[in-house]
>>> print(open('my_file.pdb').read())   # PDB, C-alpha atoms and all ligand atoms
ATOM      1  CA  MET A   1     -34.590  17.045 -45.249
ATOM      2  CA  ILE A   2     -35.600  13.807 -46.884
ATOM      3  CA  HIS A   3     -34.420  14.883 -50.317
ATOM      4  CA  SER A   4     -30.833  15.715 -49.368
ATOM      5  CA  GLY A   5     -30.675  12.435 -47.436
ATOM      6  CA  GLN A   6     -31.737  10.544 -50.530
ATOM      7  CA  ALA A   7     -29.252  12.463 -52.666
ATOM      8  CA  ALA A   8     -26.476  11.630 -50.211
ATOM      9  CA  ALA A   9     -27.464   7.978 -50.253
ATOM     10  CA  ARG A  10     -27.485   8.027 -54.044
ATOM     11  CA  LEU A  11     -24.020   9.626 -54.137
ATOM     12  CA  ALA A  12     -22.706   7.062 -51.660
ATOM     13  CA  ARG A  13     -24.087   4.337 -53.880
ATOM     14  CA  ILE A  14     -22.448   5.757 -57.013
ATOM     15  CA  GLU A  15     -19.148   6.044 -55.143
ATOM     16  CA  GLU A  16     -19.490   2.461 -53.933
ATOM     17  CA  GLU A  17     -20.183   1.201 -57.466
ATOM     18  CA  ARG A  18     -17.223   3.106 -58.868
ATOM     19  CA  GLU A  19     -14.930   1.603 -56.238
ATOM     20  CA  ALA A  20     -16.310  -1.908 -56.660
ATOM     21  CA  GLY A  21     -16.004  -1.925 -60.436
ATOM     22  CA  THR A  22     -17.798  -4.371 -62.665
ATOM     23  CA  LEU A  23     -18.198  -8.082 -62.237
ATOM     24  CA  ALA A  24     -16.040  -8.636 -65.342
ATOM     25  CA  VAL A  25     -13.109  -6.866 -63.666
ATOM     26  CA  ARG A  26     -13.546  -8.187 -60.131
ATOM     27  CA  TYR A  27     -14.647 -11.723 -60.914
ATOM     28  CA  PRO A  28     -13.852 -12.495 -64.576
ATOM     29  CA  GLU A  29     -14.715 -16.172 -64.058
ATOM     30  CA  VAL A  30     -18.349 -15.367 -63.305
ATOM     31  CA  GLU A  31     -20.921 -15.541 -66.088
ATOM     32  CA  LYS A  32     -23.914 -14.493 -64.045
ATOM     33  CA  ILE A  33     -25.267 -14.294 -60.527
ATOM     34  CA  ILE A  34     -28.915 -14.652 -59.675
ATOM     35  CA  VAL A  35     -30.122 -13.559 -56.255
ATOM     36  CA  ARG A  36     -33.660 -14.542 -55.387
ATOM     37  CA  MET A  37     -35.026 -13.024 -52.206
ATOM     38  CA  THR A  38     -38.253 -13.557 -50.328
ATOM     39  CA  HIS A  39     -38.902 -10.627 -48.055
ATOM     40  CA  TRP A  40     -40.439 -11.333 -44.650
ATOM     41  CA  GLN A  41     -41.797  -8.885 -42.146
ATOM     42  CA  HIS A  42     -43.734  -9.623 -38.957
ATOM     43  CA  GLY A  43     -43.978 -13.236 -40.088
ATOM     44  CA  ILE A  44     -45.674 -12.232 -43.321
ATOM     45  CA  LYS A  45     -44.134 -13.334 -46.562
ATOM     46  CA  SER A  46     -44.367 -10.447 -48.929
ATOM     47  CA  ILE A  47     -42.337  -9.896 -52.021
ATOM     48  CA  VAL A  48     -40.127 -12.149 -54.020
ATOM     49  CA  ARG A  49     -37.423 -10.247 -55.809
ATOM     50  CA  ASN A  50     -34.893 -11.467 -58.307
ATOM     51  CA  ARG A  51     -31.693  -9.612 -59.012
ATOM     52  CA  TRP A  52     -29.509 -10.625 -61.920
ATOM     53  CA  PHE A  53     -25.858  -9.665 -62.201
ATOM     54  CA  PHE A  54     -23.940  -9.904 -65.460
ATOM     55  CA  PRO A  55     -20.267  -9.188 -66.259
ATOM     56  CA  SER A  56     -21.243  -5.580 -67.043
ATOM     57  CA  SER A  57     -23.016  -5.155 -63.660
ATOM     58  CA  PHE A  58     -21.365  -3.393 -60.747
ATOM     59  CA  ALA A  59     -20.036  -5.810 -58.136
ATOM     60  CA  VAL A  60     -22.175  -4.294 -55.385
ATOM     61  CA  PHE A  61     -24.329  -6.874 -53.672
ATOM     62  CA  LYS A  62     -26.216  -4.763 -51.173
ATOM     63  CA  MET A  63     -29.949  -5.213 -51.472
ATOM     64  CA  SER A  64     -32.243  -2.528 -50.182
ATOM     65  CA  CYS A  65     -34.781  -3.235 -47.459
ATOM     66  CA  LEU A  66     -38.408  -2.969 -48.540
ATOM     67  CA  SER A  67     -39.714  -2.020 -45.128
ATOM     68  CA  ARG A  68     -41.200   1.477 -45.284
ATOM     69  CA  ASP A  69     -39.979   2.528 -41.816
ATOM     70  CA  CYS A  70     -36.500   1.173 -42.277
ATOM     71  CA  VAL A  71     -33.535   3.532 -41.777
ATOM     72  CA  ASP A  72     -30.196   2.678 -43.388
ATOM     73  CA  GLY A  73     -31.261  -0.909 -43.708
ATOM     74  CA  GLY A  74     -30.522  -3.513 -46.259
ATOM     75  CA  PHE A  75     -29.026  -6.888 -46.834
ATOM     76  CA  ASP A  76     -25.365  -7.088 -47.679
ATOM     77  CA  MET A  77     -24.697 -10.230 -49.686
ATOM     78  CA  SER A  78     -21.096  -9.255 -50.533
ATOM     79  CA  ARG A  79     -19.413 -11.584 -48.068
ATOM     80  CA  ILE A  80     -21.590 -14.559 -49.005
ATOM     81  CA  ILE A  81     -21.146 -14.026 -52.742
ATOM     82  CA  THR A  82     -17.386 -13.463 -52.444
ATOM     83  CA  GLU A  83     -17.048 -16.694 -50.463
ATOM     84  CA  MET A  84     -19.121 -18.580 -53.012
ATOM     85  CA  ILE A  85     -16.984 -17.326 -55.924
ATOM     86  CA  ARG A  86     -13.776 -18.174 -54.067
ATOM     87  CA  SER A  87     -14.905 -21.750 -53.545
ATOM     88  CA  ARG A  88     -16.639 -21.899 -56.957
ATOM     89  CA  SER A  89     -19.856 -22.707 -55.205
ATOM     90  CA  ARG A  90     -22.891 -22.757 -57.491
ATOM     91  CA  ALA A  91     -25.840 -22.415 -55.160
ATOM     92  CA  ARG A  92     -26.545 -21.388 -51.610
ATOM     93  CA  THR A  93     -29.612 -20.623 -49.554
ATOM     94  CA  GLY A  94     -29.938 -18.906 -46.227
ATOM     95  CA  GLU A  95     -31.518 -16.076 -44.296
ATOM     96  CA  LEU A  96     -30.416 -12.577 -43.380
ATOM     97  CA  ASP A  97     -31.775 -10.025 -40.945
ATOM     98  CA  CYS A  98     -32.041  -6.406 -41.980
ATOM     99  CA  GLU A  99     -29.114  -4.261 -40.854
ATOM    100  CA  GLY A 100     -31.239  -1.163 -40.422
ATOM    101  CA  ASN A 101     -32.446   0.935 -37.479
ATOM    102  CA  GLU A 102     -29.746   0.553 -34.889
ATOM    103  CA  SER A 103     -31.851   1.800 -31.997
ATOM    104  CA  LYS A 104     -35.016  -0.031 -32.990
ATOM    105  CA  ALA A 105     -34.246  -3.144 -34.984
ATOM    106  CA  CYS A 106     -35.951  -3.446 -38.342
ATOM    107  CA  PRO A 107     -38.246  -6.495 -38.283
ATOM    108  CA  ALA A 108     -37.559  -7.404 -41.884
ATOM    109  CA  HIS A 109     -35.535 -10.344 -42.995
ATOM    110  CA  VAL A 110     -35.027 -12.212 -46.218
ATOM    111  CA  ALA A 111     -34.727 -15.802 -47.238
ATOM    112  CA  TYR A 112     -32.271 -15.860 -50.102
ATOM    113  CA  GLU A 113     -31.204 -18.199 -52.814
ATOM    114  CA  ILE A 114     -28.030 -17.378 -54.733
ATOM    115  CA  VAL A 115     -27.089 -19.131 -57.934
ATOM    116  CA  ILE A 116     -23.807 -18.448 -59.692
ATOM    117  CA  ALA A 117     -22.848 -19.573 -63.184
ATOM    118  CA  TYR A 118     -19.172 -19.683 -64.100
ATOM    119  CA  LEU A 119     -17.537 -19.296 -67.474
TER
HETATM  120 ZN    ZN B 201     -35.006  -2.960 -42.872
END
>>> encode(input="my_file.pdb", output="structure tokens")
Amino acid sequence: MIHSGQAAARLARIEEEREAGTLAVRYPEVEKIIVRMTHWQHGIKSIVRNRWFFPSSFAVFKMSCLSRDCVDGGFDMSRIITEMIRSRSRARTGELDCEGNESKACPAHVAYEIVIAYL
């Protein structure tokens, strides 16, 4: 049942957001966070996505995987962003592999660029 799976995922996401709270509460020193991601799959550069986080945004930094066949995948930027805020780092670039498909690894990965502005 695809639909109930999606509903469950949506509920999990809402729960996660509620627990995380907003950026203003978790990281009051942060003005905004910009995450720029270039999505790669099978060596093909596909989509560039930008995600903006403001003080009113939920402090959930999990980005979904864009691969159509991906199961439970995604890119969790929480650890990287938390570390950056702790050290008041303003910019960082790197790469992440998709966490999805435990039995058959998802071929997607992203090159990311994170920029944080502080108040
Ligand atoms: Zn994936």
>>> closest_atom_pairs(input="my_file.pdb", of="region 39-85 of chain A", to="region 7-24 of chain A", cutoff="7 Å", atoms="all atoms listed in the file", output="CSV")
residue,atom,partner,partner_atom,distance
A:Phe54,CA,A:Leu23,CA,6.8
A:Pro55,CA,A:Ala24,CA,4.4
A:Ser56,CA,A:Thr22,CA,5.7
A:Ser57,CA,A:Thr22,CA,5.4
A:Phe58,CA,A:Thr22,CA,4.2
A:Ala59,CA,A:Leu23,CA,5.0
A:Val60,CA,A:Glu17,CA,6.2
>>> closest_residue(input="my_file.pdb", among="A:Val30, A:Ala91, A:Cys106, A:Val48", to="Gly73 (chain A)", atoms="only C-alpha atoms")
A:Cys106
>>> closest_atom_pairs(input="my_file.pdb", of="chain A", to="ligand ZN 201 (chain B)", cutoff="12 Å", atoms="all atoms listed in the file", output="JSON lines")
{"residue": "A:His39", "atom": "CA", "partner": "B:ZN201", "partner_atom": "ZN", "distance": 10.0}
{"residue": "A:Trp40", "atom": "CA", "partner": "B:ZN201", "partner_atom": "ZN", "distance": 10.1}
{"residue": "A:Gln41", "atom": "CA", "partner": "B:ZN201", "partner_atom": "ZN", "distance": 9.0}
{"residue": "A:His42", "atom": "CA", "partner": "B:ZN201", "partner_atom": "ZN", "distance": 11.7}
{"residue": "A:Met63", "atom": "CA", "partner": "B:ZN201", "partner_atom": "ZN", "distance": 10.2}
{"residue": "A:Ser64", "atom": "CA", "partner": "B:ZN201", "partner_atom": "ZN", "distance": 7.8}
{"residue": "A:Cys65", "atom": "CA", "partner": "B:ZN201", "partner_atom": "ZN", "distance": 4.6}
{"residue": "A:Leu66", "atom": "CA", "partner": "B:ZN201", "partner_atom": "ZN", "distance": 6.6}
{"residue": "A:Ser67", "atom": "CA", "partner": "B:ZN201", "partner_atom": "ZN", "distance": 5.3}
{"residue": "A:Arg68", "atom": "CA", "partner": "B:ZN201", "partner_atom": "ZN", "distance": 8.0}
{"residue": "A:Asp69", "atom": "CA", "partner": "B:ZN201", "partner_atom": "ZN", "distance": 7.5}
{"residue": "A:Cys70", "atom": "CA", "partner": "B:ZN201", "partner_atom": "ZN", "distance": 4.4}
{"residue": "A:Val71", "atom": "CA", "partner": "B:ZN201", "partner_atom": "ZN", "distance": 6.7}
{"residue": "A:Asp72", "atom": "CA", "partner": "B:ZN201", "partner_atom": "ZN", "distance": 7.4}
{"residue": "A:Gly73", "atom": "CA", "partner": "B:ZN201", "partner_atom": "ZN", "distance": 4.4}
{"residue": "A:Gly74", "atom": "CA", "partner": "B:ZN201", "partner_atom": "ZN", "distance": 5.6}
{"residue": "A:Phe75", "atom": "CA", "partner": "B:ZN201", "partner_atom": "ZN", "distance": 8.2}
{"residue": "A:Asp76", "atom": "CA", "partner": "B:ZN201", "partner_atom": "ZN", "distance": 11.5}
{"residue": "A:Leu96", "atom": "CA", "partner": "B:ZN201", "partner_atom": "ZN", "distance": 10.7}
{"residue": "A:Asp97", "atom": "CA", "partner": "B:ZN201", "partner_atom": "ZN", "distance": 8.0}
{"residue": "A:Cys98", "atom": "CA", "partner": "B:ZN201", "partner_atom": "ZN", "distance": 4.6}
{"residue": "A:Glu99", "atom": "CA", "partner": "B:ZN201", "partner_atom": "ZN", "distance": 6.4}
{"residue": "A:Gly100", "atom": "CA", "partner": "B:ZN201", "partner_atom": "ZN", "distance": 4.8}
{"residue": "A:Asn101", "atom": "CA", "partner": "B:ZN201", "partner_atom": "ZN", "distance": 7.1}
{"residue": "A:Glu102", "atom": "CA", "partner": "B:ZN201", "partner_atom": "ZN", "distance": 10.2}
{"residue": "A:Lys104", "atom": "CA", "partner": "B:ZN201", "partner_atom": "ZN", "distance": 10.3}
{"residue": "A:Ala105", "atom": "CA", "partner": "B:ZN201", "partner_atom": "ZN", "distance": 7.9}
{"residue": "A:Cys106", "atom": "CA", "partner": "B:ZN201", "partner_atom": "ZN", "distance": 4.7}
{"residue": "A:Pro107", "atom": "CA", "partner": "B:ZN201", "partner_atom": "ZN", "distance": 6.6}
{"residue": "A:Ala108", "atom": "CA", "partner": "B:ZN201", "partner_atom": "ZN", "distance": 5.2}
{"residue": "A:His109", "atom": "CA", "partner": "B:ZN201", "partner_atom": "ZN", "distance": 7.4}
{"residue": "A:Val110", "atom": "CA", "partner": "B:ZN201", "partner_atom": "ZN", "distance": 9.8}
>>> atom_distance(input="my_file.pdb", atom1="CA of Ile47 (chain A)", atom2="CA of Tyr27 (chain A)")
29.1 Å
>>> atom_distance(input="my_file.pdb", atom1="CA of Ile33 (chain A)", atom2="CA of Leu119 (chain A)")
11.5 Å
>>> atom_distance(input="my_file.pdb", atom1="CA of Phe61 (chain A)", atom2="CA of Ile34 (chain A)")
10.8 Å
>>> resolve_selection(input="my_file.pdb", expression="the PyMOL selection byres (((chain A and resi 112-114) around 7) and not hetatm)", output="list in words")
Ile34, Val35, Arg36, Met37, Thr38, Ala91, Arg92, Thr93, Gly94, Glu95, Val110, Ala111, Val115 and Ile116 of chain A
>>> residues_around(input="my_file.pdb", residues="Arg88 (chain A)", least_positions_apart="4", cutoff="9 Å", atoms="only C-alpha atoms", output="PDB file with C-alpha atoms, keeping the file's coordinate frame")
ATOM      1  CA  GLU A  83     -17.048 -16.694 -50.463  1.00  0.00           C
ATOM      2  CA  MET A  84     -19.121 -18.580 -53.012  1.00  0.00           C
ATOM      3  CA  ILE A 116     -23.807 -18.448 -59.692  1.00  0.00           C
ATOM      4  CA  TYR A 118     -19.172 -19.683 -64.100  1.00  0.00           C
TER       5      TYR A 118
END
>>> axis_aligned_box(input="my_file.pdb", around="region 52-62 of chain A", padding_each_side="6 Å", output="AutoDock Vina command-line options")
--center_x -24.8 --center_y -7.0 --center_z -59.1 --size_x 21.5 --size_y 19.2 --size_z 27.9
>>> build_atoms(input="my_file.pdb", residues="region 7-25 of chain A", atoms="N, CA and C atoms", output="CSV table (one decimal), in the frame of the given file")
chain,number,residue,atom,x,y,z
A,7,ALA,N,-30.3,12.1,-51.7
A,7,ALA,CA,-29.3,12.5,-52.7
A,7,ALA,C,-27.9,12.0,-52.1
A,8,ALA,N,-27.7,12.1,-50.8
A,8,ALA,CA,-26.5,11.6,-50.2
A,8,ALA,C,-26.3,10.1,-50.3
A,9,ALA,N,-27.5,9.4,-50.1
A,9,ALA,CA,-27.5,8.0,-50.3
A,9,ALA,C,-27.1,7.6,-51.7
A,10,ARG,N,-27.7,8.3,-52.6
A,10,ARG,CA,-27.5,8.0,-54.0
A,10,ARG,C,-26.0,8.3,-54.4
A,11,LEU,N,-25.4,9.3,-53.9
A,11,LEU,CA,-24.0,9.6,-54.1
A,11,LEU,C,-23.1,8.5,-53.5
A,12,ALA,N,-23.5,8.1,-52.3
A,12,ALA,CA,-22.7,7.1,-51.7
A,12,ALA,C,-22.7,5.8,-52.5
A,13,ARG,N,-23.9,5.5,-53.1
A,13,ARG,CA,-24.1,4.3,-53.9
A,13,ARG,C,-23.2,4.4,-55.2
A,14,ILE,N,-23.2,5.6,-55.8
A,14,ILE,CA,-22.4,5.8,-57.0
A,14,ILE,C,-21.0,5.6,-56.7
A,15,GLU,N,-20.5,6.1,-55.6
A,15,GLU,CA,-19.1,6.0,-55.1
A,15,GLU,C,-18.8,4.6,-54.9
A,16,GLU,N,-19.7,3.9,-54.3
A,16,GLU,CA,-19.5,2.5,-53.9
A,16,GLU,C,-19.3,1.6,-55.2
A,17,GLU,N,-20.2,1.9,-56.2
A,17,GLU,CA,-20.2,1.2,-57.5
A,17,GLU,C,-18.9,1.5,-58.2
A,18,ARG,N,-18.4,2.7,-58.2
A,18,ARG,CA,-17.2,3.1,-58.9
A,18,ARG,C,-16.0,2.4,-58.3
A,19,GLU,N,-16.0,2.3,-56.9
A,19,GLU,CA,-14.9,1.6,-56.2
A,19,GLU,C,-15.0,0.1,-56.5
A,20,ALA,N,-16.2,-0.5,-56.5
A,20,ALA,CA,-16.3,-1.9,-56.7
A,20,ALA,C,-15.9,-2.3,-58.1
A,21,GLY,N,-16.3,-1.5,-59.1
A,21,GLY,CA,-16.0,-1.9,-60.4
A,21,GLY,C,-17.0,-3.0,-60.9
A,22,THR,N,-16.8,-3.4,-62.1
A,22,THR,CA,-17.8,-4.4,-62.7
A,22,THR,C,-17.4,-5.8,-62.3
A,23,LEU,N,-18.4,-6.7,-62.5
A,23,LEU,CA,-18.2,-8.1,-62.2
A,23,LEU,C,-17.1,-8.6,-63.1
A,24,ALA,N,-17.0,-8.2,-64.4
A,24,ALA,CA,-16.0,-8.6,-65.3
A,24,ALA,C,-14.6,-8.4,-64.8
A,25,VAL,N,-14.4,-7.2,-64.2
A,25,VAL,CA,-13.1,-6.9,-63.7
A,25,VAL,C,-12.8,-7.6,-62.4
